[in-house]
$ cat my_file29.txt   # compact mmCIF, N, CA and C atoms
# COMPACT_ATOMS: atom_id res chain seq x y z
N MET A 1 0.84 -1.17 0.00
CA MET A 1 0.00 0.00 0.00
C MET A 1 0.89 1.24 0.00
N GLY A 2 0.53 2.23 -0.75
CA GLY A 2 1.30 3.47 -0.80
C GLY A 2 0.38 4.67 -0.75
N VAL A 3 0.91 5.73 -0.23
CA VAL A 3 0.17 6.99 -0.13
C VAL A 3 1.05 8.08 -0.72
N THR A 4 0.49 8.90 -1.58
CA THR A 4 1.20 10.03 -2.17
C THR A 4 0.44 11.30 -1.86
N VAL A 5 1.16 12.31 -1.44
CA VAL A 5 0.57 13.61 -1.16
C VAL A 5 1.35 14.65 -1.94
N ASP A 6 0.66 15.45 -2.74
CA ASP A 6 1.30 16.55 -3.48
C ASP A 6 0.89 17.86 -2.84
N VAL A 7 1.88 18.68 -2.53
CA VAL A 7 1.63 19.98 -1.93
C VAL A 7 2.37 21.01 -2.77
N HIS A 8 1.68 22.07 -3.13
CA HIS A 8 2.30 23.17 -3.87
C HIS A 8 2.22 24.41 -3.01
N GLN A 9 3.36 25.01 -2.74
CA GLN A 9 3.43 26.17 -1.86
C GLN A 9 4.26 27.25 -2.56
N VAL A 10 3.76 28.49 -2.56
CA VAL A 10 4.52 29.61 -3.09
C VAL A 10 5.03 30.42 -1.91
N TYR A 11 6.35 30.54 -1.82
CA TYR A 11 6.97 31.37 -0.80
C TYR A 11 7.23 32.73 -1.43
N LYS A 12 6.73 33.75 -0.83
CA LYS A 12 6.84 35.10 -1.42
C LYS A 12 8.14 35.77 -0.98
N TYR A 13 9.24 35.04 -1.24
CA TYR A 13 10.58 35.50 -0.93
C TYR A 13 11.48 35.11 -2.09
N PRO A 14 12.60 35.77 -2.26
CA PRO A 14 13.52 35.40 -3.34
C PRO A 14 14.01 33.96 -3.21
N PHE A 15 14.28 33.34 -4.34
CA PHE A 15 14.73 31.95 -4.40
C PHE A 15 15.91 31.69 -3.46
N GLU A 16 16.92 32.54 -3.51
CA GLU A 16 18.13 32.35 -2.70
C GLU A 16 17.81 32.34 -1.20
N GLN A 17 16.87 33.18 -0.80
CA GLN A 17 16.48 33.24 0.62
C GLN A 17 15.73 31.97 1.05
N VAL A 18 14.87 31.48 0.18
CA VAL A 18 14.12 30.25 0.48
C VAL A 18 15.09 29.07 0.61
N VAL A 19 16.04 28.95 -0.31
CA VAL A 19 17.01 27.85 -0.27
C VAL A 19 17.88 27.95 0.99
N ALA A 20 18.39 29.15 1.28
CA ALA A 20 19.23 29.34 2.46
C ALA A 20 18.47 29.00 3.74
N SER A 21 17.20 29.39 3.80
CA SER A 21 16.38 29.09 4.98
C SER A 21 16.17 27.59 5.13
N PHE A 22 15.92 26.92 4.02
CA PHE A 22 15.72 25.47 4.08
C PHE A 22 16.98 24.77 4.59
N LEU A 23 18.13 25.17 4.08
CA LEU A 23 19.37 24.48 4.42
C LEU A 23 19.82 24.72 5.86
N ARG A 24 19.32 25.75 6.51
CA ARG A 24 19.75 26.00 7.89
C ARG A 24 18.61 25.91 8.91
N LYS A 25 17.47 25.38 8.51
CA LYS A 25 16.31 25.37 9.41
C LYS A 25 16.42 24.40 10.58
N TYR A 26 17.25 23.35 10.46
CA TYR A 26 17.39 22.39 11.55
C TYR A 26 18.86 22.26 11.92
N PRO A 27 19.16 21.96 13.15
CA PRO A 27 18.27 21.98 14.30
C PRO A 27 18.00 23.42 14.74
N ASN A 28 16.89 23.59 15.45
CA ASN A 28 16.56 24.90 16.01
C ASN A 28 15.76 24.70 17.29
N PRO A 29 15.77 25.71 18.15
CA PRO A 29 15.09 25.57 19.46
C PRO A 29 13.58 25.41 19.36
N MET A 30 12.99 25.77 18.22
CA MET A 30 11.53 25.68 18.08
C MET A 30 11.07 24.26 17.75
N ASP A 31 11.96 23.43 17.25
CA ASP A 31 11.62 22.05 16.92
C ASP A 31 12.60 21.12 17.63
N LYS A 32 12.21 20.65 18.78
CA LYS A 32 13.08 19.81 19.61
C LYS A 32 13.22 18.38 19.08
N ASN A 33 12.40 18.02 18.08
CA ASN A 33 12.46 16.65 17.56
C ASN A 33 13.68 16.40 16.69
N VAL A 34 14.22 17.45 16.07
CA VAL A 34 15.43 17.29 15.26
C VAL A 34 16.63 17.55 16.17
N ILE A 35 17.38 16.51 16.44
CA ILE A 35 18.49 16.59 17.39
C ILE A 35 19.75 17.15 16.71
N SER A 36 20.05 16.64 15.51
CA SER A 36 21.25 17.10 14.81
C SER A 36 21.11 16.84 13.31
N VAL A 37 21.89 17.61 12.55
CA VAL A 37 22.00 17.42 11.11
C VAL A 37 23.48 17.49 10.77
N LYS A 38 23.98 16.46 10.11
CA LYS A 38 25.40 16.40 9.77
C LYS A 38 25.56 16.30 8.26
N ILE A 39 26.41 17.16 7.71
CA ILE A 39 26.72 17.08 6.28
C ILE A 39 27.70 15.94 6.07
N MET A 40 27.30 14.96 5.28
CA MET A 40 28.14 13.80 5.02
C MET A 40 29.00 14.01 3.78
N GLU A 41 28.45 14.77 2.82
CA GLU A 41 29.16 15.00 1.56
C GLU A 41 28.66 16.30 0.97
N GLU A 42 29.57 17.05 0.39
CA GLU A 42 29.20 18.28 -0.31
C GLU A 42 30.22 18.49 -1.42
N LYS A 43 29.72 18.65 -2.65
CA LYS A 43 30.63 18.87 -3.77
C LYS A 43 29.93 19.69 -4.85
N ARG A 44 30.74 20.38 -5.63
CA ARG A 44 30.23 21.22 -6.72
C ARG A 44 30.76 20.67 -8.04
N ASP A 45 29.85 20.50 -8.98
CA ASP A 45 30.23 20.10 -10.33
C ASP A 45 30.69 21.37 -11.04
N GLU A 46 31.96 21.43 -11.38
CA GLU A 46 32.52 22.64 -11.97
C GLU A 46 31.93 22.96 -13.34
N SER A 47 31.51 21.96 -14.09
CA SER A 47 30.97 22.22 -15.43
C SER A 47 29.53 22.73 -15.40
N THR A 48 28.73 22.24 -14.45
CA THR A 48 27.31 22.65 -14.39
C THR A 48 27.04 23.66 -13.28
N GLY A 49 27.93 23.72 -12.28
CA GLY A 49 27.70 24.60 -11.14
C GLY A 49 26.77 24.01 -10.09
N ILE A 50 26.29 22.79 -10.32
CA ILE A 50 25.35 22.16 -9.38
C ILE A 50 26.07 21.76 -8.10
N ILE A 51 25.47 22.11 -6.98
CA ILE A 51 26.02 21.78 -5.67
C ILE A 51 25.22 20.60 -5.10
N TYR A 52 25.92 19.51 -4.85
CA TYR A 52 25.31 18.30 -4.29
C TYR A 52 25.62 18.24 -2.80
N ARG A 53 24.60 17.92 -2.00
CA ARG A 53 24.80 17.74 -0.56
C ARG A 53 24.09 16.46 -0.11
N LYS A 54 24.76 15.74 0.79
CA LYS A 54 24.11 14.61 1.46
C LYS A 54 24.21 14.90 2.95
N ARG A 55 23.05 14.87 3.62
CA ARG A 55 23.00 15.14 5.05
C ARG A 55 22.25 14.01 5.75
N ILE A 56 22.64 13.79 7.01
CA ILE A 56 21.94 12.83 7.86
C ILE A 56 21.36 13.60 9.04
N ALA A 57 20.07 13.43 9.26
CA ALA A 57 19.40 14.06 10.40
C ALA A 57 19.09 12.99 11.43
N ILE A 58 19.34 13.32 12.68
CA ILE A 58 18.97 12.46 13.80
C ILE A 58 17.76 13.12 14.48
N CYS A 59 16.66 12.40 14.54
CA CYS A 59 15.41 12.93 15.10
C CYS A 59 14.95 12.05 16.26
N GLN A 60 14.25 12.66 17.19
CA GLN A 60 13.66 11.88 18.27
C GLN A 60 12.57 10.98 17.68
N ASN A 61 12.44 9.82 18.24
CA ASN A 61 11.38 8.91 17.83
C ASN A 61 10.05 9.46 18.36
N VAL A 62 9.17 9.81 17.44
CA VAL A 62 7.87 10.38 17.84
C VAL A 62 6.74 9.36 17.70
N VAL A 63 7.09 8.09 17.50
CA VAL A 63 6.07 7.04 17.45
C VAL A 63 5.41 6.99 18.82
N PRO A 64 4.08 6.98 18.86
CA PRO A 64 3.39 6.95 20.15
C PRO A 64 3.85 5.78 21.03
N GLU A 65 3.91 6.04 22.32
CA GLU A 65 4.42 5.07 23.29
C GLU A 65 3.69 3.73 23.22
N ILE A 66 2.41 3.76 22.97
CA ILE A 66 1.62 2.51 22.89
C ILE A 66 2.14 1.62 21.76
N LEU A 67 2.58 2.21 20.65
CA LEU A 67 3.10 1.42 19.54
C LEU A 67 4.53 0.94 19.78
N ARG A 68 5.22 1.59 20.71
CA ARG A 68 6.59 1.19 21.01
C ARG A 68 6.66 -0.10 21.82
N LYS A 69 5.52 -0.66 22.13
CA LYS A 69 5.49 -1.99 22.76
C LYS A 69 6.05 -3.02 21.79
N VAL A 70 5.93 -2.72 20.48
CA VAL A 70 6.52 -3.57 19.45
C VAL A 70 8.02 -3.28 19.45
N SER A 71 8.83 -4.28 19.62
CA SER A 71 10.27 -4.09 19.86
C SER A 71 10.98 -3.31 18.74
N ILE A 72 10.58 -3.52 17.49
CA ILE A 72 11.28 -2.82 16.40
C ILE A 72 11.04 -1.31 16.43
N LEU A 73 9.94 -0.88 17.06
CA LEU A 73 9.64 0.55 17.14
C LEU A 73 10.24 1.21 18.37
N LYS A 74 10.84 0.41 19.22
CA LYS A 74 11.36 0.91 20.50
C LYS A 74 12.82 1.36 20.34
N VAL A 75 13.01 2.44 19.60
CA VAL A 75 14.33 3.03 19.41
C VAL A 75 14.24 4.50 19.83
N PRO A 76 15.30 5.04 20.42
CA PRO A 76 15.23 6.44 20.88
C PRO A 76 15.26 7.46 19.75
N ASN A 77 16.00 7.14 18.67
CA ASN A 77 16.17 8.10 17.58
C ASN A 77 15.90 7.47 16.23
N ILE A 78 15.59 8.33 15.27
CA ILE A 78 15.35 7.92 13.90
C ILE A 78 16.33 8.67 13.02
N GLN A 79 16.90 7.99 12.04
CA GLN A 79 17.83 8.64 11.11
C GLN A 79 17.16 8.86 9.76
N LEU A 80 17.35 10.07 9.22
CA LEU A 80 16.85 10.41 7.89
C LEU A 80 18.03 10.84 7.03
N GLU A 81 18.02 10.41 5.78
CA GLU A 81 19.05 10.84 4.83
C GLU A 81 18.41 11.79 3.83
N GLU A 82 19.11 12.89 3.58
CA GLU A 82 18.60 13.88 2.63
C GLU A 82 19.69 14.17 1.60
N GLU A 83 19.32 14.16 0.34
CA GLU A 83 20.21 14.55 -0.74
C GLU A 83 19.60 15.74 -1.45
N SER A 84 20.45 16.71 -1.80
CA SER A 84 19.94 17.88 -2.52
C SER A 84 20.88 18.26 -3.65
N TRP A 85 20.29 18.81 -4.69
CA TRP A 85 21.01 19.28 -5.86
C TRP A 85 20.58 20.72 -6.12
N LEU A 86 21.46 21.65 -5.82
CA LEU A 86 21.18 23.08 -6.00
C LEU A 86 21.83 23.54 -7.30
N ASN A 87 20.99 24.07 -8.20
CA ASN A 87 21.49 24.60 -9.46
C ASN A 87 21.29 26.12 -9.44
N PRO A 88 22.32 26.87 -9.02
CA PRO A 88 22.18 28.33 -8.93
C PRO A 88 21.97 29.00 -10.28
N ARG A 89 22.50 28.41 -11.34
CA ARG A 89 22.35 29.01 -12.68
C ARG A 89 20.90 28.98 -13.14
N GLU A 90 20.24 27.84 -12.93
CA GLU A 90 18.84 27.70 -13.35
C GLU A 90 17.88 28.03 -12.22
N ARG A 91 18.41 28.35 -11.05
CA ARG A 91 17.63 28.74 -9.88
C ARG A 91 16.58 27.68 -9.52
N ASN A 92 17.08 26.47 -9.25
CA ASN A 92 16.20 25.42 -8.75
C ASN A 92 17.00 24.51 -7.82
N MET A 93 16.29 23.84 -6.95
CA MET A 93 16.91 22.88 -6.04
C MET A 93 15.96 21.70 -5.88
N ALA A 94 16.49 20.51 -6.13
CA ALA A 94 15.73 19.27 -5.93
C ALA A 94 16.23 18.60 -4.66
N ILE A 95 15.30 18.03 -3.90
CA ILE A 95 15.64 17.39 -2.62
C ILE A 95 14.93 16.05 -2.55
N ARG A 96 15.67 15.04 -2.11
CA ARG A 96 15.09 13.72 -1.83
C ARG A 96 15.52 13.31 -0.45
N SER A 97 14.59 12.85 0.33
CA SER A 97 14.94 12.34 1.66
C SER A 97 14.18 11.05 1.92
N HIS A 98 14.80 10.23 2.75
CA HIS A 98 14.15 8.97 3.13
C HIS A 98 14.64 8.54 4.51
N CYS A 99 13.85 7.70 5.11
CA CYS A 99 14.14 7.20 6.46
C CYS A 99 15.14 6.05 6.36
N LEU A 100 16.18 6.12 7.19
CA LEU A 100 17.17 5.04 7.24
C LEU A 100 16.83 4.01 8.32
N THR A 101 15.95 4.37 9.23
CA THR A 101 15.53 3.48 10.30
C THR A 101 14.34 2.64 9.81
N TRP A 102 14.30 1.42 10.15
CA TRP A 102 13.20 0.50 9.80
C TRP A 102 13.08 0.22 8.31
N THR A 103 14.14 0.35 7.55
CA THR A 103 14.05 0.14 6.10
C THR A 103 13.65 -1.28 5.73
N GLN A 104 13.91 -2.24 6.62
CA GLN A 104 13.53 -3.62 6.31
C GLN A 104 12.03 -3.85 6.49
N TYR A 105 11.32 -2.89 7.11
CA TYR A 105 9.88 -3.07 7.38
C TYR A 105 8.98 -2.13 6.58
N ALA A 106 9.48 -0.93 6.32
CA ALA A 106 8.64 0.06 5.62
C ALA A 106 9.55 1.11 5.00
N SER A 107 9.00 1.87 4.08
CA SER A 107 9.79 2.96 3.49
C SER A 107 8.97 4.24 3.52
N MET A 108 9.70 5.31 3.69
CA MET A 108 9.10 6.63 3.68
C MET A 108 10.05 7.53 2.93
N LYS A 109 9.53 8.30 2.00
CA LYS A 109 10.40 9.21 1.28
C LYS A 109 9.66 10.51 1.00
N GLU A 110 10.45 11.53 0.77
CA GLU A 110 9.90 12.84 0.46
C GLU A 110 10.73 13.43 -0.66
N GLU A 111 10.07 14.05 -1.62
CA GLU A 111 10.76 14.74 -2.71
C GLU A 111 10.21 16.14 -2.82
N SER A 112 11.12 17.10 -2.95
CA SER A 112 10.72 18.51 -3.05
C SER A 112 11.52 19.17 -4.16
N VAL A 113 10.92 20.18 -4.76
CA VAL A 113 11.61 21.00 -5.75
C VAL A 113 11.32 22.45 -5.43
N PHE A 114 12.38 23.22 -5.32
CA PHE A 114 12.25 24.67 -5.16
C PHE A 114 12.65 25.30 -6.48
N ARG A 115 11.82 26.21 -6.97
CA ARG A 115 12.13 26.93 -8.22
C ARG A 115 11.39 28.25 -8.21
N GLU A 116 11.75 29.11 -9.16
CA GLU A 116 11.07 30.40 -9.25
C GLU A 116 9.59 30.20 -9.55
N SER A 117 8.78 31.09 -9.00
CA SER A 117 7.35 31.04 -9.26
C SER A 117 7.06 31.53 -10.68
N MET A 118 6.08 30.93 -11.32
CA MET A 118 5.64 31.40 -12.64
C MET A 118 4.94 32.75 -12.53
N GLU A 119 4.35 33.00 -11.36
CA GLU A 119 3.65 34.27 -11.14
C GLU A 119 4.60 35.45 -11.00
N ASN A 120 5.73 35.19 -10.33
CA ASN A 120 6.66 36.27 -10.04
C ASN A 120 8.05 35.66 -9.86
N PRO A 121 9.04 36.01 -10.70
CA PRO A 121 10.36 35.41 -10.59
C PRO A 121 11.11 35.77 -9.30
N ASN A 122 10.59 36.74 -8.53
CA ASN A 122 11.20 37.09 -7.25
C ASN A 122 10.65 36.24 -6.11
N TRP A 123 9.73 35.34 -6.41
CA TRP A 123 9.16 34.43 -5.40
C TRP A 123 9.68 33.04 -5.64

$ encode --input "my_file29.txt" --output "structure tokens"
Amino acid sequence: MGVTVDVHQVYKYPFEQVVASFLRKYPNPMDKNVISVKIMEEKRDESTGIIYRKRIAICQNVVPEILRKVSILKVPNIQLEEESWLNPRERNMAIRSHCLTWTQYASMKEESVFRESMENPNW
């Protein structure tokens, strides 16, 4: 069984500001569930200018306590891997993330694309 959710959001801020905000949003004092984010790899393709990043986030396990009676769910932290490709020339950034914990039982992934708005190139 699979579930797909599509969300379209227009941020009324310049592309560079939206990307910078995304890349530094965690960890922060307002969201205690994200414990740490570590950059595992970062490189720039000199021919295309694309910046690739791989990060690992450590998050608190937010599975309800009643479900943690099942031994596989009884872990203190969850690891997420995020890969991003920032293309400053074309002003877009693609992001893929997935859960590294419980991969033998289930999968969860998220894909996002940041790009200029068709309504206004400053958004």

$ atom_distance --input "my_file29.txt" --atom1 "atom CA of Thr101 of chain A" --atom2 "atom CA of Val5 of chain A"
21.4 Å

$ atom_distance --input "my_file29.txt" --atom1 "atom CA of Asp45 of chain A" --atom2 "atom CA of Arg89 of chain A"
12.1 Å

$ residues_around --input "my_file29.txt" --residues "segment 71-87 of chain A" --least-positions-apart "4" --cutoff "6.5 Å" --atoms "only N, CA and C atoms" --output "ChimeraX atom specification"
/A:49-61,67,91-101

$ closest_residue --input "my_file29.txt" --among "A:Val63, A:Asn122, A:Phe114, A:Lys43" --to "Val19 of chain A" --atoms "all atoms listed in the file"
A:Phe114

$ atom_distance --input "my_file29.txt" --atom1 "atom CA of Ser117 of chain A" --atom2 "atom C of Tyr11 of chain A"
8.0 Å

$ residues_around --input "my_file29.txt" --residues "Val10 of chain A" --least-positions-apart "2" --cutoff "12 Å" --atoms "only C-alpha atoms" --output "ChimeraX atom specification"
/A:7-8,12-15,18,113-123

$ write_last_selection --input "my_file29.txt" --atoms "N, CA and C atoms" --output "CSV table (one decimal), in the coordinates of the input"
chain,number,residue,atom,x,y,z
A,7,VAL,N,1.9,18.7,-2.5
A,7,VAL,CA,1.6,20.0,-1.9
A,7,VAL,C,2.4,21.0,-2.8
A,8,HIS,N,1.7,22.1,-3.1
A,8,HIS,CA,2.3,23.2,-3.9
A,8,HIS,C,2.2,24.4,-3.0
A,12,LYS,N,6.7,33.8,-0.8
A,12,LYS,CA,6.8,35.1,-1.4
A,12,LYS,C,8.1,35.8,-1.0
A,13,TYR,N,9.2,35.0,-1.2
A,13,TYR,CA,10.6,35.5,-0.9
A,13,TYR,C,11.5,35.1,-2.1
A,14,PRO,N,12.6,35.8,-2.3
A,14,PRO,CA,13.5,35.4,-3.3
A,14,PRO,C,14.0,34.0,-3.2
A,15,PHE,N,14.3,33.3,-4.3
A,15,PHE,CA,14.7,32.0,-4.4
A,15,PHE,C,15.9,31.7,-3.5
A,18,VAL,N,14.9,31.5,0.2
A,18,VAL,CA,14.1,30.2,0.5
A,18,VAL,C,15.1,29.1,0.6
A,113,VAL,N,10.9,20.2,-4.8
A,113,VAL,CA,11.6,21.0,-5.8
A,113,VAL,C,11.3,22.4,-5.4
A,114,PHE,N,12.4,23.2,-5.3
A,114,PHE,CA,12.2,24.7,-5.2
A,114,PHE,C,12.6,25.3,-6.5
A,115,ARG,N,11.8,26.2,-7.0
A,115,ARG,CA,12.1,26.9,-8.2
A,115,ARG,C,11.4,28.2,-8.2
A,116,GLU,N,11.8,29.1,-9.2
A,116,GLU,CA,11.1,30.4,-9.2
A,116,GLU,C,9.6,30.2,-9.6
A,117,SER,N,8.8,31.1,-9.0
A,117,SER,CA,7.4,31.0,-9.3
A,117,SER,C,7.1,31.5,-10.7
A,118,MET,N,6.1,30.9,-11.3
A,118,MET,CA,5.6,31.4,-12.6
A,118,MET,C,4.9,32.8,-12.5
A,119,GLU,N,4.4,33.0,-11.4
A,119,GLU,CA,3.6,34.3,-11.1
A,119,GLU,C,4.6,35.4,-11.0
A,120,ASN,N,5.7,35.2,-10.3
A,120,ASN,CA,6.7,36.3,-10.0
A,120,ASN,C,8.0,35.7,-9.9
A,121,PRO,N,9.0,36.0,-10.7
A,121,PRO,CA,10.4,35.4,-10.6
A,121,PRO,C,11.1,35.8,-9.3
A,122,ASN,N,10.6,36.7,-8.5
A,122,ASN,CA,11.2,37.1,-7.2
A,122,ASN,C,10.6,36.2,-6.1
A,123,TRP,N,9.7,35.3,-6.4
A,123,TRP,CA,9.2,34.4,-5.4
A,123,TRP,C,9.7,33.0,-5.6

$ select_by_dssp --input "my_file29.txt" --residues "chain A" --states "alpha helix (DSSP H)" --output "number ranges by chain"
A: 15-24

$ select_by_dssp --input "my_file29.txt" --residues "segment 37-108 of chain A" --states "strand (DSSP E)" --output "NGL selection string"
:A and (37-44 or 51-60 or 77-87 or 92-99)

$ closest_residue --input "my_file29.txt" --among "A:Ser107, A:Lys69, A:Thr48, A:Val62" --to "Asn33 of chain A" --atoms "only N, CA and C atoms"
A:Val62
